[in-house]
$ cat model28.cif   # mmCIF, C-alpha atoms and all ligand atoms
data_my_file
loop_
_atom_site.label_atom_id
_atom_site.label_comp_id
_atom_site.auth_asym_id
_atom_site.auth_seq_id
_atom_site.Cartn_x
_atom_site.Cartn_y
_atom_site.Cartn_z
CA MET A 291 37.02 -19.84 33.18
CA ARG A 292 36.71 -17.03 35.75
CA GLN A 293 40.47 -16.86 36.20
CA ASP A 294 40.80 -16.20 32.47
CA PHE A 295 38.78 -13.05 33.02
CA ARG A 296 40.77 -11.97 36.04
CA ASN A 297 44.42 -13.06 36.02
CA ASN A 298 44.99 -12.92 32.31
CA PRO A 299 48.47 -11.73 31.30
CA LYS A 300 47.00 -10.23 28.15
CA ILE A 301 45.20 -7.56 30.18
CA LYS A 302 48.51 -5.71 30.61
CA GLN A 303 48.99 -5.69 26.86
CA LEU A 304 45.47 -4.38 26.38
CA LEU A 305 46.13 -1.56 28.85
CA LEU A 306 49.29 -0.62 26.93
CA LYS A 307 47.26 -0.53 23.75
CA ILE A 308 44.66 1.75 25.36
CA THR A 309 47.43 4.02 26.66
CA SER A 310 48.96 4.34 23.20
CA ASP A 311 45.50 4.96 21.68
CA LEU A 312 44.97 7.71 24.25
CA THR A 313 48.29 9.32 23.31
CA THR A 314 47.23 9.62 19.69
CA LEU A 315 44.12 11.47 20.82
CA GLU A 316 46.33 14.35 22.04
CA LEU A 317 43.87 15.29 24.75
CA GLU A 318 44.03 18.61 26.52
CA ARG A 319 42.18 17.23 29.52
CA PRO A 320 41.58 13.71 30.84
CA LEU A 321 38.68 11.84 29.25
CA ASN A 322 35.58 11.81 31.43
CA LEU A 323 34.08 8.33 31.40
CA MET A 324 31.03 7.68 33.53
CA GLU A 325 30.59 4.25 35.08
CA VAL A 326 26.88 4.20 35.74
CA CYS A 327 26.81 1.16 38.01
CA GLY A 328 28.11 1.18 41.58
CA THR A 329 29.61 -2.27 41.14
CA HIS A 330 31.72 -0.85 38.30
CA THR A 331 32.90 1.93 40.64
CA VAL A 332 34.10 -0.79 43.02
CA SER A 333 35.69 -2.91 40.24
CA LEU A 334 37.56 0.05 38.72
CA LEU A 335 39.12 0.75 42.13
CA LYS A 336 39.63 -2.85 43.16
CA PHE A 337 41.44 -3.89 40.00
CA GLY A 338 43.52 -0.70 39.82
CA PHE A 339 42.04 0.83 36.63
CA ARG A 340 41.34 4.15 38.26
CA HIS A 341 44.90 4.44 39.45
CA TYR A 342 46.42 3.16 36.19
CA PHE A 343 44.72 5.79 34.03
CA LYS A 344 44.91 8.52 36.66
CA ASP A 345 46.03 11.46 34.48
CA ARG A 346 44.39 10.30 31.29
CA ILE A 347 40.92 9.11 32.29
CA LYS A 348 38.67 10.50 34.98
CA PHE A 349 36.03 7.98 36.01
CA LEU A 350 32.82 9.65 37.15
CA SER A 351 30.35 7.76 39.32
CA GLY A 352 26.83 7.63 37.99
CA PRO A 353 23.32 7.07 39.34
CA GLY A 354 23.65 3.29 39.55
CA CYS A 355 23.75 2.51 43.25
CA PRO A 356 20.13 1.82 44.27
CA VAL A 357 20.51 2.89 47.88
CA CYS A 358 22.45 6.06 46.93
CA VAL A 359 19.77 7.35 44.56
CA THR A 360 16.98 6.95 47.13
CA SER A 361 15.84 10.40 48.25
CA VAL A 362 15.74 11.62 51.83
CA HIS A 363 11.98 12.01 51.44
CA ASP A 364 11.58 8.35 50.52
CA ILE A 365 13.81 7.26 53.42
CA ASP A 366 11.58 9.36 55.70
CA LYS A 367 8.55 7.49 54.35
CA THR A 368 10.07 4.13 55.32
CA ILE A 369 10.86 5.47 58.78
CA SER A 370 7.32 6.75 59.24
CA LEU A 371 5.96 3.29 58.35
CA ALA A 372 8.29 1.68 60.90
CA LYS A 373 7.20 4.19 63.54
CA LYS A 374 3.55 3.35 62.89
CA GLY A 375 4.32 -0.24 63.86
CA TYR A 376 4.33 -1.93 60.47
CA ARG A 377 6.96 -4.61 60.07
CA ILE A 378 9.55 -3.51 57.51
CA VAL A 379 11.40 -5.95 55.26
CA THR A 380 14.19 -4.71 53.05
CA PHE A 381 17.79 -5.06 51.87
CA GLY A 382 20.53 -4.61 54.47
CA ASP A 383 22.11 -1.39 53.22
CA LEU A 384 18.92 0.59 53.34
CA ILE A 385 18.42 0.41 57.09
CA LYS A 386 21.55 2.45 57.81
CA VAL A 387 20.71 5.32 55.46
CA PRO A 388 19.95 8.47 57.45
CA GLY A 389 16.66 10.19 56.72
CA SER A 390 16.13 13.80 57.77
CA GLU A 391 15.94 12.91 61.46
CA SER A 392 16.35 9.18 62.00
CA SER A 393 17.18 5.92 60.22
CA LEU A 394 15.55 2.48 60.23
CA GLU A 395 18.51 1.30 62.30
CA LYS A 396 17.82 3.90 64.97
CA GLU A 397 14.15 2.95 64.95
CA ILE A 398 15.10 -0.72 65.55
CA ALA A 399 16.85 0.41 68.72
CA LYS A 400 13.56 2.03 69.75
CA GLY A 401 11.62 -1.16 69.10
CA ALA A 402 10.67 -0.99 65.43
CA LYS A 403 10.33 -4.33 63.65
CA VAL A 404 12.70 -4.58 60.68
CA ASP A 405 13.82 -7.72 58.83
CA VAL A 406 16.71 -7.76 56.39
CA VAL A 407 16.57 -10.13 53.41
CA TYR A 408 18.90 -10.90 50.53
CA ASN A 409 16.15 -12.52 48.51
CA PRO A 410 12.88 -10.51 48.34
CA LEU A 411 10.90 -13.75 47.91
CA ASP A 412 11.78 -14.59 51.53
CA THR A 413 9.28 -11.88 52.44
CA LEU A 414 6.47 -14.29 51.52
CA ARG A 415 7.62 -16.74 54.15
CA ILE A 416 7.82 -13.98 56.74
CA ALA A 417 4.28 -12.84 55.85
CA GLU A 418 2.90 -16.36 56.09
CA GLN A 419 4.34 -16.85 59.56
CA THR A 420 2.96 -13.71 61.19
CA LYS A 421 -0.15 -11.59 61.54
CA ASP A 422 1.94 -8.40 61.38
CA GLU A 423 1.39 -6.01 58.48
CA ILE A 424 4.54 -6.44 56.38
CA VAL A 425 5.85 -3.67 54.12
CA PHE A 426 8.60 -4.63 51.71
CA ILE A 427 10.70 -1.57 50.84
CA ALA A 428 11.64 -2.11 47.21
CA VAL A 429 14.72 -0.30 45.94
CA GLY A 430 16.66 -1.30 42.86
CA PHE A 431 16.88 -1.03 39.10
CA GLU A 432 15.86 -3.27 36.22
CA THR A 433 18.04 -6.09 37.57
CA THR A 434 16.05 -6.28 40.80
CA ILE A 435 12.61 -5.26 39.53
CA PRO A 436 11.69 -8.70 38.07
CA VAL A 437 12.31 -10.18 41.52
CA ILE A 438 9.96 -7.64 43.12
CA ALA A 439 7.39 -8.34 40.40
CA GLY A 440 7.74 -12.05 41.21
CA LEU A 441 7.10 -11.28 44.88
CA VAL A 442 3.90 -9.35 44.08
CA LEU A 443 2.60 -12.07 41.74
CA ASP A 444 3.30 -14.82 44.27
CA ALA A 445 1.61 -12.82 47.05
CA TYR A 446 -1.35 -12.27 44.71
CA SER A 447 -1.69 -15.93 43.74
CA LYS A 448 -1.41 -17.04 47.37
CA SER A 449 -3.95 -14.34 48.40
CA ILE A 450 -1.64 -13.04 51.09
CA LYS A 451 -3.40 -10.22 52.93
CA ASN A 452 -0.70 -8.80 55.19
CA LEU A 453 1.95 -7.92 52.63
CA THR A 454 2.45 -4.70 50.69
CA VAL A 455 5.32 -3.22 48.71
CA LEU A 456 6.55 0.37 48.90
CA SER A 457 7.88 0.74 45.39
CA LEU A 458 10.91 3.03 45.22
CA VAL A 459 12.36 1.18 42.21
CA LYS A 460 13.84 3.14 39.34
CA THR A 461 14.59 2.60 35.68
CA MET A 462 17.81 3.59 34.00
CA PRO A 463 17.33 5.07 30.52
CA LYS A 464 15.24 8.10 31.60
CA VAL A 465 17.69 9.24 34.27
CA LEU A 466 20.54 9.04 31.76
CA ARG A 467 18.66 11.32 29.39
CA PHE A 468 17.96 13.69 32.26
CA LEU A 469 21.62 13.64 33.23
CA LEU A 470 22.73 14.39 29.67
CA ASP A 471 20.21 17.20 29.29
CA ASN A 472 21.77 18.80 32.35
CA LEU A 473 25.42 17.81 32.12
CA SER A 474 26.08 17.71 28.41
CA GLY A 475 29.62 18.48 27.34
CA LYS A 476 31.08 16.88 30.39
CA ILE A 477 30.83 13.15 29.64
CA ASP A 478 32.92 11.61 26.85
CA GLY A 479 31.68 8.03 27.23
CA PHE A 480 29.52 5.69 29.28
CA ILE A 481 30.21 2.28 30.77
CA MET A 482 26.68 0.91 31.01
CA PRO A 483 25.49 -1.22 33.92
CA GLY A 484 26.08 -4.84 32.94
CA HIS A 485 23.25 -6.48 34.80
CA VAL A 486 20.62 -3.83 34.12
CA SER A 487 21.50 -4.48 30.48
CA VAL A 488 20.96 -8.23 30.96
CA ILE A 489 17.29 -7.35 31.45
CA ILE A 490 16.72 -4.40 29.09
CA GLY A 491 19.29 -5.18 26.37
CA SER A 492 21.28 -2.61 24.42
CA GLU A 493 18.52 -0.84 22.46
CA PRO A 494 17.30 1.54 25.22
CA TYR A 495 20.70 3.29 25.25
CA LYS A 496 20.69 4.06 21.52
CA PHE A 497 19.57 7.65 22.03
CA ILE A 498 22.91 8.43 23.69
CA PRO A 499 25.11 8.03 20.59
CA GLU A 500 22.27 9.17 18.29
CA ASP A 501 21.08 12.31 20.12
CA PHE A 502 24.18 13.22 22.13
CA ASN A 503 27.01 11.79 20.01
CA ILE A 504 28.45 10.00 23.04
CA PRO A 505 29.84 6.44 22.86
CA CYS A 506 28.59 3.68 25.15
CA THR A 507 29.89 0.26 26.05
CA ILE A 508 28.11 -2.47 27.94
CA SER A 509 30.65 -4.11 30.16
CA GLY A 510 30.97 -6.86 32.75
CA PHE A 511 32.80 -6.59 36.04
CA GLU A 512 35.98 -8.61 35.60
CA PRO A 513 39.29 -6.97 34.59
CA VAL A 514 39.05 -8.31 31.03
CA ASP A 515 35.55 -6.86 30.73
CA LEU A 516 36.60 -3.45 32.02
CA GLY A 517 39.65 -3.38 29.77
CA LEU A 518 37.60 -4.29 26.70
CA GLY A 519 34.95 -1.72 27.62
CA ILE A 520 37.45 1.12 28.01
CA GLU A 521 39.21 0.05 24.81
CA SER A 522 35.90 0.26 22.98
CA LEU A 523 35.16 3.76 24.26
CA VAL A 524 38.61 5.08 23.35
CA ARG A 525 38.35 3.44 19.93
CA GLN A 526 34.94 5.04 19.33
CA ILE A 527 36.17 8.45 20.45
CA ARG A 528 39.14 8.21 18.07
CA ALA A 529 36.90 7.29 15.16
CA ASN A 530 34.19 9.75 16.23
CA LYS A 531 31.62 7.05 15.46
CA PRO A 532 29.68 6.51 18.66
CA ILE A 533 27.53 3.41 19.08
CA VAL A 534 26.33 1.19 21.91
CA ASP A 535 29.03 -1.48 21.87
CA ASN A 536 28.10 -4.63 23.76
CA ARG A 537 31.25 -6.15 25.23
CA TYR A 538 29.42 -8.35 27.72
CA THR A 539 27.88 -10.69 25.17
CA ARG A 540 28.15 -13.72 27.43
CA MET A 541 25.36 -12.20 29.52
CA VAL A 542 23.75 -9.38 27.54
CA LYS A 543 21.62 -9.96 24.44
CA LYS A 544 20.48 -7.14 22.17
CA GLU A 545 16.86 -7.67 23.21
CA GLY A 546 17.70 -8.27 26.89
CA ASN A 547 15.59 -10.90 28.64
CA PRO A 548 12.07 -10.71 27.13
CA ALA A 549 10.52 -12.89 29.85
CA ALA A 550 11.89 -10.53 32.51
CA LYS A 551 10.58 -7.47 30.68
CA HIS A 552 7.18 -9.11 30.35
CA LEU A 553 7.14 -9.96 34.06
CA ILE A 554 7.94 -6.33 34.94
CA GLU A 555 5.23 -4.97 32.61
CA SER A 556 2.59 -7.34 33.92
CA VAL A 557 2.97 -5.98 37.46
CA PHE A 558 4.25 -2.39 37.11
CA GLU A 559 3.59 0.74 35.11
CA PRO A 560 5.81 3.84 34.72
CA SER A 561 5.45 6.59 37.31
CA ILE A 562 7.15 9.74 38.48
CA VAL A 563 9.82 9.19 41.10
CA SER A 564 12.31 11.37 42.95
CA TRP A 565 16.04 10.71 42.74
CA ARG A 566 18.64 11.98 45.14
CA GLY A 567 20.69 14.54 43.24
CA PHE A 568 18.21 14.85 40.36
CA GLY A 569 14.80 15.50 41.85
CA LYS A 570 11.59 14.20 40.30
CA ILE A 571 11.81 12.59 36.86
CA GLU A 572 8.62 11.66 35.02
CA GLY A 573 8.42 8.01 33.95
CA SER A 574 11.65 6.96 35.67
CA GLY A 575 9.97 4.96 38.42
CA LEU A 576 7.47 2.11 38.52
CA THR A 577 4.29 1.77 40.47
CA LEU A 578 2.03 -1.28 40.88
CA ARG A 579 -0.76 -1.65 38.32
CA ASP A 580 -4.32 -1.12 39.54
CA GLU A 581 -5.10 -4.84 39.74
CA PHE A 582 -2.36 -5.16 42.38
CA GLU A 583 -3.37 -2.11 44.43
CA ASP A 584 -4.05 -4.28 47.49
CA PHE A 585 -0.28 -4.88 47.57
CA ASP A 586 0.65 -1.23 47.15
CA ALA A 587 1.75 0.35 50.44
CA GLU A 588 1.05 3.84 49.04
CA GLU A 589 -2.60 2.82 48.43
CA LYS A 590 -3.15 0.93 51.66
CA PHE A 591 -1.49 3.26 54.17
CA ASP A 592 -1.30 6.98 54.70
CA ILE A 593 2.40 7.72 54.27
CA GLN A 594 2.45 11.45 53.69
CA VAL A 595 5.56 12.99 55.20
CA THR A 596 6.75 16.56 54.77
CA GLU A 597 9.60 16.98 52.30
CA LYS A 598 12.89 17.84 53.94
CA VAL A 599 16.32 18.41 52.46
CA GLU A 600 19.53 16.37 52.64
CA GLN A 601 21.75 16.58 55.71
CA GLY A 602 24.02 19.62 55.53
CA GLY A 603 27.41 19.05 53.96
CA CYS A 604 26.73 15.70 52.27
CA ILE A 605 27.32 15.95 48.51
CA CYS A 606 26.06 12.47 47.56
CA GLY A 607 23.62 14.01 45.10
CA ASP A 608 26.47 15.67 43.21
CA ILE A 609 28.59 12.50 43.33
CA ILE A 610 25.98 10.26 41.73
CA SER A 611 25.39 12.80 38.99
CA GLY A 612 29.09 12.95 38.12
CA LYS A 613 29.54 16.56 39.21
CA GLN A 614 31.84 15.91 42.17
CA SER A 615 33.92 13.11 43.67
CA PRO A 616 33.97 11.84 47.26
CA LEU A 617 37.35 13.59 47.61
CA ASP A 618 35.51 16.90 47.15
CA CYS A 619 33.46 16.27 50.30
CA THR A 620 34.90 17.91 53.41
CA LEU A 621 33.25 15.24 55.59
CA PHE A 622 34.86 12.30 53.72
CA ARG A 623 37.06 10.21 56.06
CA THR A 624 36.65 12.79 58.83
CA ALA A 625 33.08 13.03 60.09
CA CYS A 626 31.83 10.46 57.57
CA THR A 627 33.18 6.89 57.65
CA PRO A 628 31.61 3.45 57.06
CA GLU A 629 31.12 3.16 60.86
CA HIS A 630 29.38 6.55 60.99
CA PRO A 631 27.98 7.18 57.53
CA ILE A 632 26.38 10.56 56.95
CA GLY A 633 25.04 9.85 53.47
CA PRO A 634 24.01 6.76 51.48
CA CYS A 635 27.16 6.86 49.29
CA MET A 636 29.10 5.85 52.42
CA VAL A 637 26.48 3.34 53.59
CA SER A 638 26.20 1.14 50.54
CA PHE A 639 29.25 -0.98 49.71
CA GLU A 640 28.75 0.00 46.08
CA GLY A 641 28.47 3.69 46.92
CA ALA A 642 31.37 5.80 45.63
CA CYS A 643 32.32 7.14 49.10
CA SER A 644 32.44 3.70 50.66
CA ALA A 645 34.48 2.33 47.72
CA PHE A 646 36.93 5.28 47.84
CA TYR A 647 37.28 4.74 51.58
CA LYS A 648 37.85 1.01 51.28
CA TYR A 649 40.48 1.26 48.55
CA GLY A 650 42.23 4.28 50.10
CA GLU A 651 41.67 6.53 47.09
CA LYS A 652 43.47 9.88 47.45
CA MET B 89 24.78 -6.09 44.24
CA CYS B 90 26.00 -7.16 40.86
CA LEU B 91 27.93 -10.31 41.68
CA ALA B 92 28.58 -12.21 38.50
CA VAL B 93 29.07 -15.71 39.86
CA PRO B 94 27.39 -18.33 37.69
CA TYR B 95 25.23 -20.97 39.39
CA ARG B 96 24.96 -24.49 37.95
CA ILE B 97 21.47 -25.99 37.84
CA ILE B 98 21.26 -29.31 39.68
CA SER B 99 17.52 -29.97 39.73
CA LYS B 100 14.34 -28.08 38.97
CA ASP B 101 10.67 -28.07 39.81
CA LYS B 102 8.36 -25.55 38.08
CA ASN B 103 9.58 -22.02 39.02
CA LYS B 104 12.24 -23.22 41.41
CA ALA B 105 15.60 -24.89 40.98
CA ILE B 106 18.42 -26.06 43.18
CA ALA B 107 21.73 -24.73 41.95
CA ASP B 108 25.34 -25.18 42.94
CA VAL B 109 27.62 -22.24 43.59
CA PHE B 110 31.15 -23.07 44.78
CA GLY B 111 29.88 -26.37 46.20
CA VAL B 112 26.99 -24.77 48.11
CA LYS B 113 23.43 -25.66 47.13
CA LYS B 114 20.94 -22.83 46.88
CA GLU B 115 17.29 -22.56 45.92
CA ILE B 116 16.76 -20.08 43.11
CA ASP B 117 13.78 -18.88 41.08
CA ILE B 118 14.00 -19.73 37.37
CA ARG B 119 10.69 -18.38 36.04
CA ILE B 120 12.30 -15.91 33.62
CA ILE B 121 14.73 -18.39 32.07
CA GLU B 122 12.94 -20.37 29.41
CA ASP B 123 13.56 -24.12 29.39
CA VAL B 124 16.57 -24.07 31.63
CA LYS B 125 18.37 -27.43 31.60
CA ILE B 126 20.23 -29.38 34.25
CA ASP B 127 23.96 -28.51 34.25
CA GLU B 128 23.35 -25.19 32.51
CA TYR B 129 24.86 -22.10 34.15
CA VAL B 130 22.75 -19.09 35.08
CA LEU B 131 23.46 -15.61 36.43
CA VAL B 132 21.67 -15.07 39.75
CA HIS B 133 20.61 -11.78 41.30
CA ALA B 134 18.86 -11.66 44.69
CA GLY B 135 17.82 -15.30 44.44
CA PHE B 136 16.48 -14.95 40.89
CA ALA B 137 18.15 -16.43 37.82
CA ILE B 138 18.18 -13.51 35.36
CA GLN B 139 20.07 -14.98 32.39
CA ARG B 140 21.72 -18.15 31.16
CA VAL B 141 25.46 -17.82 30.85
CA SER B 142 26.77 -18.43 27.39
CA GLN B 143 30.02 -20.38 27.55
CA GLU B 144 30.57 -19.87 23.83
CA GLU B 145 30.27 -16.10 24.13
CA ALA B 146 32.67 -16.23 27.08
CA LYS B 147 35.23 -17.82 24.77
CA GLU B 148 34.58 -15.18 22.15
CA THR B 149 35.29 -12.41 24.66
CA LEU B 150 38.66 -13.98 25.43
CA GLU B 151 39.34 -14.33 21.72
CA LEU B 152 38.60 -10.64 21.24
CA LEU B 153 41.14 -9.88 23.94
CA THR B 154 43.76 -11.97 22.15
CA GLU B 155 42.94 -10.35 18.83
CA LEU B 156 43.22 -6.80 20.20
CA CYS B 157 46.51 -7.62 21.88
CA GLU B 158 48.00 -9.00 18.68
CA ASN B 159 47.58 -5.59 17.11
CA VAL B 160 49.52 -3.75 19.80
CA GLU B 161 52.13 -1.76 17.93
S1 LIG C 1 31.62 11.33 52.32
FE1 LIG C 1 29.73 11.05 53.48
S2 LIG C 1 28.92 13.10 53.71
FE2 LIG C 1 30.43 13.18 52.06
S3 LIG C 1 29.24 12.83 50.21
FE3 LIG C 1 29.99 10.85 50.87
S4 LIG C 1 28.31 10.03 52.09
FE4 LIG C 1 27.93 12.23 51.90
#
$ encode --input "model28.cif" --output "structure tokens"
Amino acid sequence: MRQDFRNNPKIKQLLLKITSDLTTLELERPLNLMEVCGTHTVSLLKFGFRHYFKDRIKFLSGPGCPVCVTSVHDIDKTISLAKKGYRIVTFGDLIKVPGSESSLEKEIAKGAKVDVVYNPLDTLRIAEQTKDEIVFIAVGFETTIPVIAGLVLDAYSKSIKNLTVLSLVKTMPKVLRFLLDNLSGKIDGFIMPGHVSVIIGSEPYKFIPEDFNIPCTISGFEPVDLGLGIESLVRQIRANKPIVDNRYTRMVKKEGNPAAKHLIESVFEPSIVSWRGFGKIEGSGLTLRDEFEDFDAEEKFDIQVTEKVEQGGCICGDIISGKQSPLDCTLFRTACTPEHPIGPCMVSFEGACSAFYKYGEK
Amino acid sequence: MCLAVPYRIISKDKNKAIADVFGVKKEIDIRIIEDVKIDEYVLVHAGFAIQRVSQEEAKETLELLTELCENVE
């Protein structure tokens, strides 16, 4: 079945249809479509969509790469925990992200204890096998948050005493509203993150067509999915009838996954969190509920660090808010490469800079 | 992060299941998929099954593609 979504000869026909639909729009400038999710940024490059629509559609990267949206201040917090001797467990990408002065990777070289996991639940096993104080650094959106909630619940039910979570997780709808309040007029349509939508469903995006008159599509990551998503947006723009059009129905239900939402709510409550490129946004983060405070690194340890700004020259913040592209960064491909990343957008494989680098975008 | 490879459930025990992905067996957590059955396909993210994959809807997506292409002028 997967091949039908990838090497399907009908995709070409669909692209021709979209091109002819775009012609009838008689646009004076290319359409600005924002792909919120970093994996979409990669797919649009990998399957040639970006190149194909070059003069007609500008794809803007959005705030959907978990590592990229993590603020320098929060990276500094993780580094300060590592320096204090706590054992850090996190996803691979995060360790390479530069903070204001160091990175977890550099701290490893100086003797810090850092474990990289793919599955957060592996942290339980690590905690059970050591007396070290373990801090799991949780980044991610609604797709990953149920897994973190599962980790906290399992640690709670097993009465594990040496495991805490530093919650840097973020939720999507609020940041999109923030983005639109500050960037309105620039975005003509949204490709919504497919797997965030698996959890939250299509309803939380309704304010975008209703309050901002901007069309949305929920799309998967295969060429057929991207083609159908773009077709939907162009169709909606032509008709001037914006909705949230779910074109990933094999995974995304209107109501999302209720069991996942319930799991999240039983462990977390909304909090204020800071985003790279956006600053602090009320209610766009999640913190552990009081009953789980023993597992909250912010409660258990003193992790105050002074706020410092991003490294000079890096424009990651502007890239993930759709204001600029990696090609606008003077450091791109010169001082900043995947071997020597200066900002998180080059570190994470789903960051726009790393994807542009990999696929030779000019 | 968002790999969309479906895993096939081989066996299950409470919150955990063994699933097959391209011939490799992996342990996954199935607590947020109600009543998952053997041989069903699920979408997995960071070791967690987050949704069952609807084969019927997959067919409908391909049908929509065909339908849209038929109308190409
Ligand atoms: S190329 Fe490097 S320095 Fe420039 S914005 Fe991207 S990550 Fe930052």
$ atom_distance --input "model28.cif" --atom1 "CA of Ile609 in chain A" --atom2 "CA of Pro320 in chain A"
18.1 Å
$ residues_near_point --input "model28.cif" --point "(19.8, 13.8, 56.0)" --cutoff "9 Å" --atoms "only C-alpha atoms" --output "PyMOL selection string"
chain A and resi 362+387-392+598-602+604+632-633
$ residues_around --input "model28.cif" --residues "Thr627 in chain A" --least-positions-apart "5" --cutoff "12 Å" --atoms "only C-alpha atoms" --output "list in words"
Pro616, Cys619, Thr620, Leu621, Phe622, Ile632, Gly633, Pro634, Cys635, Met636, Val637, Ser638, Phe639, Cys643, Ser644, Ala645, Phe646, Tyr647 and Lys648 of chain A
$ write_last_selection --input "model28.cif" --atoms "C-alpha atoms" --output "PDB file, in the coordinates of the input"
ATOM      1  CA  PRO A 616      33.970  11.840  47.260  1.00  0.00           C
ATOM      2  CA  CYS A 619      33.460  16.270  50.300  1.00  0.00           C
ATOM      3  CA  THR A 620      34.900  17.910  53.410  1.00  0.00           C
ATOM      4  CA  LEU A 621      33.250  15.240  55.590  1.00  0.00           C
ATOM      5  CA  PHE A 622      34.860  12.300  53.720  1.00  0.00           C
ATOM      6  CA  ILE A 632      26.380  10.560  56.950  1.00  0.00           C
ATOM      7  CA  GLY A 633      25.040   9.850  53.470  1.00  0.00           C
ATOM      8  CA  PRO A 634      24.010   6.760  51.480  1.00  0.00           C
ATOM      9  CA  CYS A 635      27.160   6.860  49.290  1.00  0.00           C
ATOM     10  CA  MET A 636      29.100   5.850  52.420  1.00  0.00           C
ATOM     11  CA  VAL A 637      26.480   3.340  53.590  1.00  0.00           C
ATOM     12  CA  SER A 638      26.200   1.140  50.540  1.00  0.00           C
ATOM     13  CA  PHE A 639      29.250  -0.980  49.710  1.00  0.00           C
ATOM     14  CA  CYS A 643      32.320   7.140  49.100  1.00  0.00           C
ATOM     15  CA  SER A 644      32.440   3.700  50.660  1.00  0.00           C
ATOM     16  CA  ALA A 645      34.480   2.330  47.720  1.00  0.00           C
ATOM     17  CA  PHE A 646      36.930   5.280  47.840  1.00  0.00           C
ATOM     18  CA  TYR A 647      37.280   4.740  51.580  1.00  0.00           C
ATOM     19  CA  LYS A 648      37.850   1.010  51.280  1.00  0.00           C
TER      20      LYS A 648
END
$ residues_around --input "model28.cif" --residues "Gly430 in chain A" --least-positions-apart "3" --cutoff "10 Å" --atoms "all atoms listed in the file" --output "list of chain:residue names"
A:Gly354, A:Cys355, A:Pro356, A:Val357, A:Val359, A:Thr360, A:Phe381, A:Ile427, A:Thr433, A:Thr434, A:Ile435, A:Val437, A:Ile438, A:Ser457, A:Leu458, A:Val459, A:Lys460, A:Thr461, A:Val486, B:Met89
$ residues_around --input "model28.cif" --residues "Val132 in chain B" --least-positions-apart "5" --cutoff "7 Å" --atoms "all atoms listed in the file" --output "list in words"
Pro94, Tyr95, Ala137 and Ile138 of chain B
$ axis_aligned_box --input "model28.cif" --around "range 609-619 of chain A" --padding-each-side "6 Å" --output "lines of an AutoDock Vina configuration file"
center_x = 31.4
center_y = 13.6
center_z = 44.2
size_x = 24.0
size_y = 18.6
size_z = 24.2
$ closest_residue --input "model28.cif" --among "B:Ile98, B:Cys157, B:Ile116, B:Ala107" --to "chain A" --atoms "all atoms listed in the file"
B:Cys157
$ closest_residue --input "model28.cif" --among "A:Ile508, A:Cys358, A:Ala587, A:Val407" --to "ligand LIG 1 (chain C)" --atoms "only C-alpha atoms and all ligand atoms"
A:Cys358
$ interface_residues --input "model28.cif" --of "chain B" --to "chain A" --cutoff "10 Å" --atoms "only C-alpha atoms" --output "number ranges by chain"
B: 89-94, 116-117, 119-122, 130-150, 152-161
$ atom_distance --input "model28.cif" --atom1 "CA of Arg566 in chain A" --atom2 "CA of Val455 in chain A"
20.5 Å
$ atom_distance --input "model28.cif" --atom1 "CA of Thr313 in chain A" --atom2 "CA of Phe349 in chain A"
17.7 Å
